[in-house]
file target24.pdb (PDB, C-alpha atoms, pLDDT in the B column)
ATOM      1  CA  MET A   1       6.051  17.422  11.574  1.00 69.00           C
ATOM      2  CA  ALA A   2       6.660  14.866   8.808  1.00 81.00           C
ATOM      3  CA  SER A   3       5.142  12.139  11.003  1.00 84.00           C
ATOM      4  CA  ARG A   4       1.969  14.163  11.467  1.00 86.00           C
ATOM      5  CA  GLY A   5       1.710  14.667   7.727  1.00 85.00           C
ATOM      6  CA  ALA A   6       2.187  10.938   7.147  1.00 86.00           C
ATOM      7  CA  LEU A   7      -0.520  10.065   9.672  1.00 89.00           C
ATOM      8  CA  GLY A   8      -2.888  12.556   8.068  1.00 86.00           C
ATOM      9  CA  PHE A   9      -2.281  11.088   4.608  1.00 86.00           C
ATOM     10  CA  LEU A  10      -2.219   7.397   5.510  1.00 89.00           C
ATOM     11  CA  THR A  11      -4.764   7.107   8.331  1.00 87.00           C
ATOM     12  CA  ARG A  12      -8.036   8.478   9.685  1.00 87.00           C
ATOM     13  CA  LEU A  13      -6.460   9.409  13.011  1.00 84.00           C
ATOM     14  CA  PRO A  14      -7.369  12.971  14.084  1.00 83.00           C
ATOM     15  CA  VAL A  15      -3.964  14.625  13.659  1.00 76.00           C
ATOM     16  CA  GLY A  16      -4.986  17.545  11.470  1.00 70.00           C
ATOM     17  CA  THR A  17      -4.058  18.357   7.868  1.00 69.00           C
ATOM     18  CA  GLU A  18      -1.828  21.417   8.106  1.00 75.00           C
ATOM     19  CA  LEU A  19       0.027  22.371   4.926  1.00 78.00           C
ATOM     20  CA  GLU A  20       3.347  22.492   6.774  1.00 84.00           C
ATOM     21  CA  SER A  21       2.945  18.880   7.918  1.00 83.00           C
ATOM     22  CA  TRP A  22       2.108  17.743   4.400  1.00 80.00           C
ATOM     23  CA  GLU A  23       5.130  19.549   2.955  1.00 86.00           C
ATOM     24  CA  ALA A  24       7.428  18.014   5.555  1.00 85.00           C
ATOM     25  CA  PHE A  25       6.011  14.555   4.900  1.00 84.00           C
ATOM     26  CA  ARG A  26       6.240  14.578   1.128  1.00 85.00           C
ATOM     27  CA  ARG A  27       9.875  15.641   1.275  1.00 87.00           C
ATOM     28  CA  ARG A  28      10.834  12.775   3.600  1.00 89.00           C
ATOM     29  CA  PRO A  29       9.889   9.333   2.252  1.00 89.00           C
ATOM     30  CA  ALA A  30      11.062   7.649   5.465  1.00 91.00           C
ATOM     31  CA  ALA A  31       7.989   9.118   7.198  1.00 91.00           C
ATOM     32  CA  PHE A  32       5.836   6.511   5.438  1.00 93.00           C
ATOM     33  CA  VAL A  33       7.340   3.609   7.337  1.00 95.00           C
ATOM     34  CA  PRO A  34       6.688   4.375  11.043  1.00 95.00           C
ATOM     35  CA  VAL A  35       2.997   4.673  10.218  1.00 95.00           C
ATOM     36  CA  GLY A  36       3.128   1.036   9.153  1.00 96.00           C
ATOM     37  CA  TYR A  37       4.141  -0.032  12.655  1.00 96.00           C
ATOM     38  CA  LEU A  38       1.244   1.923  14.199  1.00 96.00           C
ATOM     39  CA  VAL A  39      -1.397   0.871  11.688  1.00 96.00           C
ATOM     40  CA  GLY A  40      -0.250  -2.733  11.875  1.00 96.00           C
ATOM     41  CA  ALA A  41      -0.497  -2.784  15.668  1.00 96.00           C
ATOM     42  CA  LEU A  42      -3.997  -1.296  15.631  1.00 96.00           C
ATOM     43  CA  ALA A  43      -5.255  -3.520  12.810  1.00 96.00           C
ATOM     44  CA  ALA A  44      -3.915  -6.596  14.624  1.00 96.00           C
ATOM     45  CA  VAL A  45      -6.098  -6.035  17.700  1.00 96.00           C
ATOM     46  CA  PRO A  46      -8.767  -8.578  16.569  1.00 96.00           C
ATOM     47  CA  PHE A  47      -6.150 -11.331  16.708  1.00 96.00           C
ATOM     48  CA  ALA A  48      -5.534 -10.673  20.387  1.00 94.00           C
ATOM     49  CA  LEU A  49      -9.182 -10.954  21.485  1.00 94.00           C
ATOM     50  CA  GLY A  50      -9.499 -14.736  21.520  1.00 90.00           C
ATOM     51  CA  LEU A  51     -12.579 -14.710  19.272  1.00 95.00           C
ATOM     52  CA  PRO A  52     -13.637 -17.467  16.839  1.00 95.00           C
ATOM     53  CA  ALA A  53     -11.617 -17.503  13.617  1.00 95.00           C
ATOM     54  CA  PRO A  54     -14.502 -16.455  11.292  1.00 95.00           C
ATOM     55  CA  THR A  55     -15.269 -13.478  13.545  1.00 97.00           C
ATOM     56  CA  VAL A  56     -11.630 -12.432  13.572  1.00 96.00           C
ATOM     57  CA  ALA A  57     -11.529 -12.738   9.771  1.00 96.00           C
ATOM     58  CA  LEU A  58     -14.492 -10.368   9.545  1.00 96.00           C
ATOM     59  CA  LEU A  59     -13.131  -7.887  12.071  1.00 97.00           C
ATOM     60  CA  PHE A  60      -9.675  -7.651  10.464  1.00 97.00           C
ATOM     61  CA  PRO A  61     -10.663  -5.713   7.293  1.00 96.00           C
ATOM     62  CA  ILE A  62     -13.098  -3.647   9.374  1.00 96.00           C
ATOM     63  CA  ALA A  63     -10.239  -2.654  11.672  1.00 96.00           C
ATOM     64  CA  LEU A  64      -8.148  -1.671   8.660  1.00 95.00           C
ATOM     65  CA  VAL A  65     -10.915   0.532   7.286  1.00 94.00           C
ATOM     66  CA  LEU A  66     -11.479   2.170  10.672  1.00 95.00           C
ATOM     67  CA  VAL A  67      -7.799   3.041  10.957  1.00 95.00           C
ATOM     68  CA  THR A  68      -6.907   3.864   7.352  1.00 93.00           C
ATOM     69  CA  GLY A  69     -10.157   4.718   5.575  1.00 90.00           C
ATOM     70  CA  ILE A  70     -10.949   3.808   1.970  1.00 86.00           C
ATOM     71  CA  ASN A  71      -9.032   6.431  -0.023  1.00 83.00           C
ATOM     72  CA  HIS A  72      -6.241   4.058  -0.989  1.00 86.00           C
ATOM     73  CA  ALA A  73      -8.661   1.317  -1.996  1.00 87.00           C
ATOM     74  CA  ASP A  74     -10.007   3.810  -4.532  1.00 86.00           C
ATOM     75  CA  GLY A  75      -6.621   3.569  -6.248  1.00 85.00           C
ATOM     76  CA  VAL A  76      -7.136  -0.183  -6.693  1.00 90.00           C
ATOM     77  CA  ALA A  77     -10.512   0.412  -8.350  1.00 88.00           C
ATOM     78  CA  ASP A  78      -9.184   3.143 -10.639  1.00 85.00           C
ATOM     79  CA  LEU A  79      -6.181   1.107 -11.770  1.00 87.00           C
ATOM     80  CA  ALA A  80      -8.327  -1.961 -12.380  1.00 87.00           C
ATOM     81  CA  ASP A  81     -10.694   0.053 -14.559  1.00 84.00           C
ATOM     82  CA  ALA A  82      -7.718   1.515 -16.430  1.00 82.00           C
ATOM     83  CA  ALA A  83      -6.106  -1.903 -16.839  1.00 78.00           C
ATOM     84  CA  VAL A  84      -9.035  -3.323 -18.803  1.00 78.00           C
ATOM     85  CA  VAL A  85      -8.936  -0.523 -21.390  1.00 74.00           C
ATOM     86  CA  HIS A  86      -7.883  -1.984 -24.723  1.00 66.00           C
ATOM     87  CA  GLU A  87      -8.070  -0.595 -28.214  1.00 58.00           C
ATOM     88  CA  GLU A  88      -6.648  -2.091 -31.396  1.00 54.00           C
ATOM     89  CA  GLY A  89      -5.398  -0.706 -34.671  1.00 47.00           C
ATOM     90  CA  GLU A  90      -2.787   1.839 -35.646  1.00 45.00           C
ATOM     91  CA  ALA A  91      -1.637   4.162 -32.881  1.00 45.00           C
ATOM     92  CA  ALA A  92      -3.307   1.840 -30.373  1.00 54.00           C
ATOM     93  CA  ASP A  93      -0.606   2.462 -27.762  1.00 61.00           C
ATOM     94  CA  ASP A  94      -1.247   6.202 -27.728  1.00 60.00           C
ATOM     95  CA  ALA A  95      -4.999   5.672 -27.739  1.00 68.00           C
ATOM     96  CA  ASN A  96      -4.798   3.220 -24.848  1.00 69.00           C
ATOM     97  CA  LEU A  97      -2.598   5.569 -22.837  1.00 73.00           C
ATOM     98  CA  ALA A  98      -4.999   8.466 -23.317  1.00 73.00           C
ATOM     99  CA  ALA A  99      -8.013   6.279 -22.535  1.00 73.00           C
ATOM    100  CA  ARG A 100      -6.447   4.883 -19.364  1.00 76.00           C
ATOM    101  CA  ARG A 101      -5.641   8.361 -18.115  1.00 75.00           C
ATOM    102  CA  ARG A 102      -9.235   9.422 -18.754  1.00 75.00           C
ATOM    103  CA  VAL A 103     -10.463   6.440 -16.769  1.00 71.00           C
ATOM    104  CA  LEU A 104      -8.212   7.370 -13.836  1.00 73.00           C
ATOM    105  CA  LYS A 105      -9.914  10.755 -13.632  1.00 74.00           C
ATOM    106  CA  ASP A 106     -13.422   9.292 -13.867  1.00 66.00           C
ATOM    107  CA  SER A 107     -15.063   9.081 -10.434  1.00 71.00           C
ATOM    108  CA  ALA A 108     -17.396   6.258 -11.552  1.00 71.00           C
ATOM    109  CA  VAL A 109     -16.374   2.690 -10.710  1.00 79.00           C
ATOM    110  CA  GLY A 110     -16.560   0.265 -13.619  1.00 83.00           C
ATOM    111  CA  VAL A 111     -16.695  -3.521 -13.800  1.00 85.00           C
ATOM    112  CA  GLY A 112     -12.920  -3.873 -13.498  1.00 86.00           C
ATOM    113  CA  GLY A 113     -12.848  -1.738 -10.379  1.00 88.00           C
ATOM    114  CA  THR A 114     -15.796  -3.554  -8.823  1.00 91.00           C
ATOM    115  CA  ILE A 115     -14.170  -6.948  -9.333  1.00 93.00           C
ATOM    116  CA  ALA A 116     -10.852  -5.676  -7.997  1.00 92.00           C
ATOM    117  CA  LEU A 117     -12.409  -4.285  -4.822  1.00 93.00           C
ATOM    118  CA  ALA A 118     -14.356  -7.495  -4.251  1.00 94.00           C
ATOM    119  CA  GLY A 119     -11.137  -9.458  -4.674  1.00 95.00           C
ATOM    120  CA  LEU A 120      -9.304  -7.134  -2.293  1.00 95.00           C
ATOM    121  CA  VAL A 121     -11.897  -7.557   0.468  1.00 95.00           C
ATOM    122  CA  ALA A 122     -12.088 -11.316  -0.073  1.00 96.00           C
ATOM    123  CA  GLY A 123      -8.312 -11.526   0.048  1.00 96.00           C
ATOM    124  CA  LEU A 124      -8.189  -9.673   3.370  1.00 97.00           C
ATOM    125  CA  VAL A 125     -10.914 -11.839   4.896  1.00 96.00           C
ATOM    126  CA  LEU A 126      -9.152 -15.025   3.795  1.00 97.00           C
ATOM    127  CA  ALA A 127      -5.843 -13.713   5.103  1.00 97.00           C
ATOM    128  CA  GLY A 128      -7.548 -12.936   8.405  1.00 96.00           C
ATOM    129  CA  LEU A 129      -8.950 -16.443   8.563  1.00 96.00           C
ATOM    130  CA  ALA A 130      -5.519 -17.947   7.977  1.00 96.00           C
ATOM    131  CA  LEU A 131      -3.902 -15.610  10.508  1.00 97.00           C
ATOM    132  CA  ALA A 132      -6.488 -16.596  13.111  1.00 95.00           C
ATOM    133  CA  GLY A 133      -5.113 -20.129  12.899  1.00 93.00           C
ATOM    134  CA  MET A 134      -1.569 -19.012  13.696  1.00 94.00           C
ATOM    135  CA  PRO A 135      -0.112 -18.397  17.176  1.00 95.00           C
ATOM    136  CA  THR A 136      -1.198 -14.941  18.340  1.00 94.00           C
ATOM    137  CA  PHE A 137       2.335 -13.526  18.501  1.00 94.00           C
ATOM    138  CA  GLN A 138       3.109 -14.694  14.965  1.00 95.00           C
ATOM    139  CA  ALA A 139      -0.199 -13.400  13.589  1.00 96.00           C
ATOM    140  CA  ILE A 140       0.259  -9.945  15.103  1.00 96.00           C
ATOM    141  CA  GLY A 141       3.869  -9.832  13.952  1.00 96.00           C
ATOM    142  CA  LEU A 142       2.856 -10.707  10.399  1.00 97.00           C
ATOM    143  CA  VAL A 143       0.172  -8.016  10.323  1.00 97.00           C
ATOM    144  CA  VAL A 144       2.684  -5.413  11.510  1.00 97.00           C
ATOM    145  CA  ALA A 145       5.368  -6.567   9.058  1.00 97.00           C
ATOM    146  CA  SER A 146       2.886  -6.532   6.160  1.00 97.00           C
ATOM    147  CA  GLU A 147       1.811  -2.999   6.978  1.00 97.00           C
ATOM    148  CA  VAL A 148       5.425  -1.832   7.231  1.00 97.00           C
ATOM    149  CA  SER A 149       6.076  -3.546   3.913  1.00 97.00           C
ATOM    150  CA  ALA A 150       3.196  -1.665   2.284  1.00 97.00           C
ATOM    151  CA  LYS A 151       4.475   1.666   3.568  1.00 96.00           C
ATOM    152  CA  LEU A 152       8.036   0.868   2.500  1.00 97.00           C
ATOM    153  CA  GLY A 153       6.611   0.060  -0.916  1.00 96.00           C
ATOM    154  CA  MET A 154       5.023   3.509  -1.086  1.00 95.00           C
ATOM    155  CA  ALA A 155       8.299   5.120   0.012  1.00 96.00           C
ATOM    156  CA  THR A 156      10.041   3.153  -2.735  1.00 96.00           C
ATOM    157  CA  LEU A 157       7.628   4.558  -5.301  1.00 95.00           C
ATOM    158  CA  ALA A 158       8.294   8.070  -4.007  1.00 93.00           C
ATOM    159  CA  CYS A 159      12.040   7.573  -4.416  1.00 94.00           C
ATOM    160  CA  LEU A 160      12.139   5.623  -7.685  1.00 94.00           C
ATOM    161  CA  GLY A 161       8.928   6.543  -9.476  1.00 89.00           C
ATOM    162  CA  GLU A 162       8.319   9.259 -12.044  1.00 88.00           C
ATOM    163  CA  ALA A 163       4.982  11.035 -12.291  1.00 85.00           C
ATOM    164  CA  PRO A 164       3.269  11.209 -15.696  1.00 80.00           C
ATOM    165  CA  PHE A 165       1.560  14.518 -14.921  1.00 81.00           C
ATOM    166  CA  ASP A 166       0.989  17.038 -12.138  1.00 81.00           C
ATOM    167  CA  GLY A 167      -0.932  15.780  -9.135  1.00 84.00           C
ATOM    168  CA  LEU A 168      -0.392  13.778  -5.994  1.00 83.00           C
ATOM    169  CA  GLY A 169       2.114  11.460  -7.666  1.00 84.00           C
ATOM    170  CA  ALA A 170       4.186  14.409  -8.799  1.00 86.00           C
ATOM    171  CA  GLN A 171       4.164  15.964  -5.334  1.00 89.00           C
ATOM    172  CA  LEU A 172       5.609  12.779  -3.855  1.00 87.00           C
ATOM    173  CA  THR A 173       8.046  11.703  -6.585  1.00 87.00           C
ATOM    174  CA  ARG A 174       9.589  14.964  -7.792  1.00 88.00           C
ATOM    175  CA  VAL A 175      11.175  15.855  -4.454  1.00 86.00           C
ATOM    176  CA  SER A 176      12.920  12.497  -3.818  1.00 85.00           C
ATOM    177  CA  ASP A 177      15.304  10.169  -5.640  1.00 86.00           C
ATOM    178  CA  GLU A 178      17.083   6.857  -5.151  1.00 90.00           C
ATOM    179  CA  ASP A 179      19.506   8.407  -2.658  1.00 89.00           C
ATOM    180  CA  ASP A 180      16.572   8.967  -0.283  1.00 90.00           C
ATOM    181  CA  LEU A 181      15.598   5.296  -0.192  1.00 94.00           C
ATOM    182  CA  LEU A 182      18.201   4.158   2.346  1.00 95.00           C
ATOM    183  CA  GLU A 183      16.493   5.820   5.321  1.00 95.00           C
ATOM    184  CA  PRO A 184      13.064   4.159   4.760  1.00 95.00           C
ATOM    185  CA  VAL A 185      14.775   0.776   4.373  1.00 96.00           C
ATOM    186  CA  LEU A 186      16.652   1.234   7.648  1.00 96.00           C
ATOM    187  CA  VAL A 187      13.454   2.226   9.462  1.00 95.00           C
ATOM    188  CA  ALA A 188      11.699  -0.873   8.092  1.00 96.00           C
ATOM    189  CA  ILE A 189      14.414  -3.394   9.028  1.00 96.00           C
ATOM    190  CA  PRO A 190      13.227  -3.899  12.659  1.00 96.00           C
ATOM    191  CA  ALA A 191       9.950  -5.281  11.293  1.00 96.00           C
ATOM    192  CA  VAL A 192      11.889  -8.376  10.235  1.00 94.00           C
ATOM    193  CA  LEU A 193      12.100  -9.267  13.933  1.00 94.00           C
ATOM    194  CA  ALA A 194       8.316  -9.243  14.366  1.00 92.00           C
ATOM    195  CA  THR A 195       7.984 -13.009  13.896  1.00 92.00           C
ATOM    196  CA  VAL A 196      11.302 -14.246  15.315  1.00 91.00           C
ATOM    197  CA  PRO A 197      12.401 -17.022  15.224  1.00 91.00           C
ATOM    198  CA  THR A 198      10.536 -17.684  11.946  1.00 92.00           C
ATOM    199  CA  PRO A 199      11.349 -15.814   8.689  1.00 94.00           C
ATOM    200  CA  VAL A 200       7.676 -14.970   8.126  1.00 95.00           C
ATOM    201  CA  ALA A 201       8.091 -11.205   8.614  1.00 96.00           C
ATOM    202  CA  PHE A 202      11.090 -11.096   6.276  1.00 96.00           C
ATOM    203  CA  VAL A 203       9.125 -12.878   3.561  1.00 96.00           C
ATOM    204  CA  ALA A 204       6.224 -10.460   4.014  1.00 97.00           C
ATOM    205  CA  LEU A 205       8.521  -7.435   3.841  1.00 96.00           C
ATOM    206  CA  VAL A 206      10.167  -8.578   0.625  1.00 97.00           C
ATOM    207  CA  ALA A 207       6.863  -9.616  -0.973  1.00 97.00           C
ATOM    208  CA  GLY A 208       5.204  -6.265  -0.298  1.00 96.00           C
ATOM    209  CA  VAL A 209       8.066  -4.201  -1.663  1.00 96.00           C
ATOM    210  CA  GLY A 210       8.286  -6.496  -4.673  1.00 96.00           C
ATOM    211  CA  THR A 211       4.607  -5.857  -5.341  1.00 96.00           C
ATOM    212  CA  ALA A 212       5.163  -2.099  -5.289  1.00 96.00           C
ATOM    213  CA  LEU A 213       8.092  -2.422  -7.698  1.00 96.00           C
ATOM    214  CA  ALA A 214       6.023  -4.583 -10.057  1.00 96.00           C
ATOM    215  CA  LEU A 215       3.232  -2.012  -9.943  1.00 94.00           C
ATOM    216  CA  ARG A 216       5.735   0.760 -10.704  1.00 94.00           C
ATOM    217  CA  ARG A 217       6.882  -1.119 -13.780  1.00 94.00           C
ATOM    218  CA  TRP A 218       3.300  -1.716 -14.932  1.00 91.00           C
ATOM    219  CA  ALA A 219       2.403   1.940 -14.387  1.00 90.00           C
ATOM    220  CA  ALA A 220       5.425   3.141 -16.345  1.00 90.00           C
ATOM    221  CA  ALA A 221       4.442   0.956 -19.294  1.00 84.00           C
ATOM    222  CA  ASN A 222       0.689   1.560 -19.225  1.00 85.00           C
ATOM    223  CA  LEU A 223       0.158   4.975 -17.625  1.00 85.00           C
ATOM    224  CA  GLY A 224       3.413   6.744 -18.345  1.00 87.00           C
ATOM    225  CA  GLY A 225       4.444   6.804 -14.690  1.00 87.00           C
ATOM    226  CA  VAL A 226       3.346   6.777 -11.067  1.00 89.00           C
ATOM    227  CA  ASN A 227       0.331   8.859 -10.082  1.00 89.00           C
ATOM    228  CA  GLY A 228      -1.677   9.082  -6.865  1.00 88.00           C
ATOM    229  CA  ASP A 229      -3.799   6.040  -7.749  1.00 88.00           C
ATOM    230  CA  VAL A 230      -0.641   3.958  -8.091  1.00 91.00           C
ATOM    231  CA  PHE A 231       0.437   4.978  -4.591  1.00 91.00           C
ATOM    232  CA  GLY A 232      -2.948   4.002  -3.182  1.00 93.00           C
ATOM    233  CA  ALA A 233      -3.044   0.705  -5.050  1.00 93.00           C
ATOM    234  CA  ALA A 234       0.518  -0.093  -3.967  1.00 95.00           C
ATOM    235  CA  ASN A 235      -0.489   0.306  -0.332  1.00 95.00           C
ATOM    236  CA  GLU A 236      -3.455  -2.059  -0.634  1.00 96.00           C
ATOM    237  CA  LEU A 237      -1.922  -4.659  -2.925  1.00 96.00           C
ATOM    238  CA  ALA A 238       1.445  -4.772  -1.170  1.00 96.00           C
ATOM    239  CA  ARG A 239      -0.309  -5.376   2.159  1.00 97.00           C
ATOM    240  CA  LEU A 240      -2.440  -8.153   0.681  1.00 97.00           C
ATOM    241  CA  VAL A 241       0.448  -9.913  -1.061  1.00 97.00           C
ATOM    242  CA  ALA A 242       2.645  -9.571   2.032  1.00 97.00           C
ATOM    243  CA  LEU A 243      -0.029 -11.128   4.245  1.00 97.00           C
ATOM    244  CA  HIS A 244      -0.546 -14.135   1.995  1.00 97.00           C
ATOM    245  CA  ALA A 245       3.183 -14.576   1.373  1.00 97.00           C
ATOM    246  CA  GLY A 246       3.723 -14.546   5.131  1.00 96.00           C
ATOM    247  CA  VAL A 247       0.968 -17.098   5.686  1.00 96.00           C
ATOM    248  CA  MET A 248       2.519 -19.385   3.076  1.00 96.00           C
ATOM    249  CA  ALA A 249       5.932 -18.948   4.676  1.00 95.00           C
ATOM    250  CA  TRP A 250       4.430 -19.906   8.051  1.00 94.00           C
ATOM    251  CA  THR A 251       2.751 -22.966   6.554  1.00 91.00           C
ATOM    252  CA  LEU A 252       6.003 -24.143   4.992  1.00 89.00           C
ATOM    253  CA  SER A 253       8.228 -23.357   7.971  1.00 77.00           C
TER     254      SER A 253
END
call {"tool": "encode", "arguments": {"input": "target24.pdb", "output": "structure tokens"}}
result
Amino acid sequence: MASRGALGFLTRLPVGTELESWEAFRRRPAAFVPVGYLVGALAAVPFALGLPAPTVALLFPIALVLVTGINHADGVADLADAAVVHEEGEAADDANLAARRRVLKDSAVGVGGTIALAGLVAGLVLAGLALAGMPTFQAIGLVVASEVSAKLGMATLACLGEAPFDGLGAQLTRVSDEDDLLEPVLVAIPAVLATVPTPVAFVALVAGVGTALALRRWAAANLGGVNGDVFGAANELARLVALHAGVMAWTLS
């Protein structure tokens, strides 16, 4: 039941959106992680087709969108728009906090969000181009490990984050705590073996989770806590950082 809820939240796969599945999912952070293995395997298909590297680089982000949709990328745009809010003077901190929260609720995409989304897509294409130059097994393993890392990052936010107000963030964070983090970590550990004998998958896993933790810290300081946009942005940014960290690890190994 929790797995179905996780698939419904994290992918576009036709699994339904029953309330019971959602409730089971949000109360079990470990359900995030198995979805990473599935999404990673599906998104890695372009690397197994033997196509020219530029074509693979184009198909990679398309595969991700087909499997996961664009809802989480919206979190990147919203946070980027909120991040550029800046007011000066007395009580600036309170004014900035209120302004950032208003921006998060605004459906319009500003300049900050536009630049962030362009950077996200460019980063995925460039990662795909680099992955296309790696051995197929290593490339697929890195894609899977990066996706698991992103989902472990989201589970980490659910266990360690605090929501600033009611909403999606509150539904995920207020039912879990640090004691619930062990299970997601254990489920994610096999992903380290995805690029044996190189440490590429391990580097990707650590980099993605580190990105989520950094985003949690930024959100606590600038938004008052972790909301739904932070979860979405963590998924996208952790994946991107994990991919590039893994590529660098491969280059240096």
call {"tool": "closest_atom_pairs", "arguments": {"input": "target24.pdb", "of": "region 52-150 of chain A", "to": "region 164-172 of chain A", "cutoff": "12 Å", "atoms": "all atoms listed in the file", "output": "tab-separated table"}}
result
residue	atom	partner	partner_atom	distance
A:Gly75	CA	A:Gly169	CA	11.9
A:Leu97	CA	A:Pro164	CA	10.8
A:Ala98	CA	A:Pro164	CA	11.6
A:Arg101	CA	A:Pro164	CA	9.7
A:Lys105	CA	A:Gly167	CA	11.2
call {"tool": "resolve_selection", "arguments": {"input": "target24.pdb", "expression": "the PyMOL selection byres ((chain A and resi 215) around 12)", "output": "JSON list (two decimals) with C-alpha atoms, in the coordinates of the input"}}
result
[["chain", "number", "residue", "atom", "x", "y", "z"],
["A", 75, "GLY", "CA", -6.62, 3.57, -6.25],
["A", 76, "VAL", "CA", -7.14, -0.18, -6.69],
["A", 79, "LEU", "CA", -6.18, 1.11, -11.77],
["A", 80, "ALA", "CA", -8.33, -1.96, -12.38],
["A", 83, "ALA", "CA", -6.11, -1.90, -16.84],
["A", 153, "GLY", "CA", 6.61, 0.06, -0.92],
["A", 154, "MET", "CA", 5.02, 3.51, -1.09],
["A", 156, "THR", "CA", 10.04, 3.15, -2.74],
["A", 157, "LEU", "CA", 7.63, 4.56, -5.30],
["A", 160, "LEU", "CA", 12.14, 5.62, -7.68],
["A", 161, "GLY", "CA", 8.93, 6.54, -9.48],
["A", 208, "GLY", "CA", 5.20, -6.26, -0.30],
["A", 209, "VAL", "CA", 8.07, -4.20, -1.66],
["A", 210, "GLY", "CA", 8.29, -6.50, -4.67],
["A", 211, "THR", "CA", 4.61, -5.86, -5.34],
["A", 212, "ALA", "CA", 5.16, -2.10, -5.29],
["A", 213, "LEU", "CA", 8.09, -2.42, -7.70],
["A", 214, "ALA", "CA", 6.02, -4.58, -10.06],
["A", 216, "ARG", "CA", 5.74, 0.76, -10.70],
["A", 217, "ARG", "CA", 6.88, -1.12, -13.78],
["A", 218, "TRP", "CA", 3.30, -1.72, -14.93],
["A", 219, "ALA", "CA", 2.40, 1.94, -14.39],
["A", 220, "ALA", "CA", 5.42, 3.14, -16.34],
["A", 221, "ALA", "CA", 4.44, 0.96, -19.29],
["A", 222, "ASN", "CA", 0.69, 1.56, -19.23],
["A", 223, "LEU", "CA", 0.16, 4.97, -17.62],
["A", 225, "GLY", "CA", 4.44, 6.80, -14.69],
["A", 226, "VAL", "CA", 3.35, 6.78, -11.07],
["A", 227, "ASN", "CA", 0.33, 8.86, -10.08],
["A", 229, "ASP", "CA", -3.80, 6.04, -7.75],
["A", 230, "VAL", "CA", -0.64, 3.96, -8.09],
["A", 231, "PHE", "CA", 0.44, 4.98, -4.59],
["A", 232, "GLY", "CA", -2.95, 4.00, -3.18],
["A", 233, "ALA", "CA", -3.04, 0.70, -5.05],
["A", 234, "ALA", "CA", 0.52, -0.09, -3.97],
["A", 235, "ASN", "CA", -0.49, 0.31, -0.33],
["A", 236, "GLU", "CA", -3.46, -2.06, -0.63],
["A", 237, "LEU", "CA", -1.92, -4.66, -2.92],
["A", 238, "ALA", "CA", 1.44, -4.77, -1.17]]
call {"tool": "resolve_selection", "arguments": {"input": "target24.pdb", "expression": "the PyMOL selection byres ((chain A and resi 120) around 9)", "output": "PDB file with C-alpha atoms, keeping the file's coordinate frame"}}
result
ATOM      1  CA  ALA A  73      -8.661   1.317  -1.996  1.00 87.00           C
ATOM      2  CA  VAL A  76      -7.136  -0.183  -6.693  1.00 90.00           C
ATOM      3  CA  ILE A 115     -14.170  -6.948  -9.333  1.00 93.00           C
ATOM      4  CA  ALA A 116     -10.852  -5.676  -7.997  1.00 92.00           C
ATOM      5  CA  LEU A 117     -12.409  -4.285  -4.822  1.00 93.00           C
ATOM      6  CA  ALA A 118     -14.356  -7.495  -4.251  1.00 94.00           C
ATOM      7  CA  GLY A 119     -11.137  -9.458  -4.674  1.00 95.00           C
ATOM      8  CA  VAL A 121     -11.897  -7.557   0.468  1.00 95.00           C
ATOM      9  CA  ALA A 122     -12.088 -11.316  -0.073  1.00 96.00           C
ATOM     10  CA  GLY A 123      -8.312 -11.526   0.048  1.00 96.00           C
ATOM     11  CA  LEU A 124      -8.189  -9.673   3.370  1.00 97.00           C
ATOM     12  CA  VAL A 125     -10.914 -11.839   4.896  1.00 96.00           C
ATOM     13  CA  GLU A 236      -3.455  -2.059  -0.634  1.00 96.00           C
ATOM     14  CA  LEU A 237      -1.922  -4.659  -2.925  1.00 96.00           C
ATOM     15  CA  LEU A 240      -2.440  -8.153   0.681  1.00 97.00           C
TER      16      LEU A 240
END
call {"tool": "closest_residue", "arguments": {"input": "target24.pdb", "among": "A:Ala207, A:Ala108, A:Val33, A:Leu38", "to": "Val144 (chain A)", "atoms": "all atoms listed in the file"}}
result
A:Leu38
call {"tool": "atom_distance", "arguments": {"input": "target24.pdb", "atom1": "CA of Gly246 (chain A)", "atom2": "CA of Leu142 (chain A)"}}
result
6.6 Å
call {"tool": "residues_around", "arguments": {"input": "target24.pdb", "residues": "Trp22 (chain A)", "least_positions_apart": "2", "cutoff": "12 Å", "atoms": "all atoms listed in the file", "output": "PyMOL selection string"}}
result
chain A and resi 1-10+15-20+24-29+31-32+168+171-172
call {"tool": "resolve_selection", "arguments": {"input": "target24.pdb", "expression": "the PyMOL selection byres ((chain A and resi 63) around 12)", "output": "PyMOL selection string"}}
result
chain A and resi 11-12+39-47+56-62+64-70+124-125+128+143
call {"tool": "atom_distance", "arguments": {"input": "target24.pdb", "atom1": "CA of Pro199 (chain A)", "atom2": "CA of His244 (chain A)"}}
result
13.8 Å
call {"tool": "residues_near_point", "arguments": {"input": "target24.pdb", "point": "(-11.3, 1.9, -12.6)", "cutoff": "6 Å", "atoms": "all atoms listed in the file", "output": "PDB file with C-alpha atoms, keeping the file's coordinate frame"}}
result
ATOM      1  CA  ALA A  77     -10.512   0.412  -8.350  1.00 88.00           C
ATOM      2  CA  ASP A  78      -9.184   3.143 -10.639  1.00 85.00           C
ATOM      3  CA  LEU A  79      -6.181   1.107 -11.770  1.00 87.00           C
ATOM      4  CA  ALA A  80      -8.327  -1.961 -12.380  1.00 87.00           C
ATOM      5  CA  ASP A  81     -10.694   0.053 -14.559  1.00 84.00           C
ATOM      6  CA  ALA A  82      -7.718   1.515 -16.430  1.00 82.00           C
ATOM      7  CA  VAL A 109     -16.374   2.690 -10.710  1.00 79.00           C
ATOM      8  CA  GLY A 110     -16.560   0.265 -13.619  1.00 83.00           C
ATOM      9  CA  GLY A 113     -12.848  -1.738 -10.379  1.00 88.00           C
TER      10      GLY A 113
END
call {"tool": "atom_distance", "arguments": {"input": "target24.pdb", "atom1": "CA of Ser149 (chain A)", "atom2": "CA of Leu205 (chain A)"}}
result
4.6 Å
